[in-house]
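Q: Sharing a structure with you now.
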Amino acid sequence: MAVLGFGQMISMLKKSPKKIVFTEGTDPRILEAASRLLASNFLSPILVGDAEEIANAAEESGYNIRGAEVIDPKNFDRMDEMAELFCELRKSKGVTMEQAKQTLLQANYFGTMLVKMGLAHALLGGATYSTADTVRPALQLIKTKPGSSIVSSCFILVRPAATGDNEVFAMGDCAINIHPTEDELVEIALETCQCARIFGVDPKVAFLSYSTFGSGKGEDVDKMRNAAAKTKAKAPDIPIAGELQFDAAVSPRVARTKCPESEVAGHANTFIFPDINAGNIGYKIAQRMGNFEAYGPILLGLSAPINDLSRGCSASEVYSMAIITAALA
């Protein structure tokens, strides 16, 4: 399988091309990614912002974005229709038309509404603003899909292996839920497994802790053990173990000592963290010290593909995340 299955994703998108909204139309990284996409025939970028400012930024950066669709919220010809739908979606908050139009001047809200109205299939934002500014409009306007009670996230980590294949791992939730409950961890795990499969990972799930099968005590240990048991009950076909320390999860030698009876220990490839602290620190250690490419956060549980970029992202990461986001559509 190609890195992250990009070959399959691109083949799929060529059969059914998509439109993706970029909410930061003047950012050089977005412009570089958009120019690469415009040279393809499987994904059409929509850049949100002032057309003249975007054109000037592209010229200054040396990127060809001729053919890109540029939409400026200030002169969008369907703003009244968009504002009416916005008011309907936010009627519990008593939003007026004037308030709606003012909010929709913000690129993150405007871009999300383009997806809601079916004018785009997906959205990618956050190169210059926080994850919360991407997630908030998505929660308010796109909402969670049937069967989901929360939005969560996962990162896909990739590193070339000595065998010539790639090591590919899934990690959740590293970006959204600060202190997930047992039941939220179950949902995070199931969504992360679904996402992992898209990238060719046959999930073997470890619920991580500072304890391995009772070696440590405490509420946090109990939470991960109980969440693992609940997930097993909901998905008996997925190999799941927990609670596990990270070394027991990934090292066959350590697993033989600490938990020799576990089919997952020593071979885990899908990791569920107890909270956002552990998850965020964990994936960044893998990225910065383990030389893994980190793709994400990939938002899970929404009714349409809305994804967030790291503010430290590169143009190459924007391009890759655009393909991932569109493929999820």
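Starting from 1 in every chain, residues are counted up; chains themselves are A, B, ... following the order of the structure tokens, and ligands are numbered from 1 as listed.
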For the structure I just gave you, how does DSSP split range 46-238 of chain A - specifically, which residues are helix (DSSP H, G or I)? Reply as a VMD selection string.

A: chain A and resid 51 to 61 73 to 75 79 to 89 91 to 93 97 to 103 107 to 116 131 to 142 182 to 198 219 to 234

Q: Show which residues sit within 7 Å of range 260-269 of chain A, as a short mmCIF file (atom, residue, chain, number, x, y, z; two decimals) with N, CA and C atoms, in the first residue's frame. Count only C-alpha atoms, and ignore same-chain residues fewer than 6 positions away.

A:
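New file selection_32.cif:
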data_model
loop_
_atom_site.label_atom_id
_atom_site.label_comp_id
_atom_site.auth_asym_id
_atom_site.auth_seq_id
_atom_site.Cartn_x
_atom_site.Cartn_y
_atom_site.Cartn_z
N PHE A 169 0.37 4.10 12.25
CA PHE A 169 -0.33 3.99 13.52
C PHE A 169 -1.44 5.05 13.60
N ALA A 170 -2.45 4.75 14.38
CA ALA A 170 -3.53 5.70 14.66
C ALA A 170 -3.51 6.04 16.14
N PRO A 203 -6.94 -2.52 12.79
CA PRO A 203 -6.70 -2.03 14.15
C PRO A 203 -6.50 -3.12 15.20
N LYS A 204 -5.44 -2.92 15.98
CA LYS A 204 -5.20 -3.67 17.21
C LYS A 204 -5.07 -2.59 18.28
N VAL A 205 -6.06 -2.52 19.15
CA VAL A 205 -6.26 -1.33 19.97
C VAL A 205 -5.72 -1.50 21.38
N ALA A 206 -4.92 -0.52 21.80
CA ALA A 206 -4.41 -0.47 23.17
C ALA A 206 -4.98 0.76 23.88
N PRO A 239 -9.51 -6.68 17.92
CA PRO A 239 -8.59 -7.00 19.02
C PRO A 239 -8.35 -5.76 19.89
N ILE A 240 -8.69 -5.84 21.16
CA ILE A 240 -8.62 -4.70 22.07
C ILE A 240 -8.01 -5.16 23.38
N ALA A 241 -7.13 -4.35 23.94
CA ALA A 241 -6.56 -4.66 25.25
C ALA A 241 -6.42 -3.38 26.07
N ALA A 248 4.44 -2.04 26.95
CA ALA A 248 3.76 -3.34 26.82
C ALA A 248 2.91 -3.40 25.56
N ALA A 249 2.41 -2.25 25.13
CA ALA A 249 1.57 -2.21 23.93
C ALA A 249 2.36 -2.45 22.65
N VAL A 250 3.63 -2.00 22.62
CA VAL A 250 4.37 -2.01 21.34
C VAL A 250 5.58 -2.93 21.31
N SER A 251 6.07 -3.35 22.46
CA SER A 251 7.28 -4.17 22.49
C SER A 251 6.93 -5.64 22.77
N PRO A 252 7.14 -6.54 21.81
CA PRO A 252 6.86 -7.96 22.08
C PRO A 252 7.64 -8.50 23.28
#

Q: Calculate how many Å separate CA of Ser148 in chain A from CA of Gln194 in chain A, rounding to one decimal.

A: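 Computing it gives 13.0 Å between the two atoms.
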
Q: Name the closest residue to Pro305 in chain A among the candidates A:Leu190, A:Ile54, A:Ala229, A:Ile20; distances are taken between atoms, counting only C-alpha atoms.

A: A:Ile20

Q: Which distance in Å separates CA of Arg36 in chain A and CA of Gly200 in chain A, to one decimal?

A: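 For CA of Arg36 in chain A relative to CA of Gly200 in chain A, the distance reads 24.9 Å.
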
Q: Hey, what's within 12 Å of Ile323 in chain A if we count only C-alpha atoms and toss same-chain stuff fewer than 3 positions away? As a VMD selection string, please?

A: chain A and resid 4 to 14 17 to 20 33 to 34 36 to 37 40 42 to 45 121 to 124 295 to 296 298 305 307 316 to 320 326 to 329

Q: Residues of range 37-80 of chain A classed as strand (DSSP E) by DSSP on the backbone are to be reported as an MDAnalysis selection string.

A: chainID A and resid 43:48 69:71

Q: Determine, counting only C-alpha atoms, which protein, DNA and RNA residues have an atom within 6 Å of an atom of range 46-52 of chain A; residues of the same chain fewer than 5 positions away are not included. Present the result as a ChimeraX atom specification.

A: /A:20-23,25,69-72

Q: Residues within 12 Å of Ile281 in chain A, please, as a PyMOL selection string. Count only C-alpha atoms; anything in the same chain fewer than 6 positions from it doesn't count.

A: chain A and resi 171-175+273-275+287-289

Q: Measuring atom to atom with only C-alpha atoms, identify which of A:Val95, A:Ala294, A:Leu309, A:Val221 is nearest to Thr128 in chain A.

A: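 Of all the options, A:Leu309 lies closest to Thr128 in chain A.
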
Q: Can you tell me which residues surround range 99-107 of chain A at a distance of at most 6 Å, considering only C-alpha atoms, apart from same-chain residues fewer than 3 positions away, and format the answer as a VMD selection string?

A: chain A and resid 23 73 83 96 110 to 111
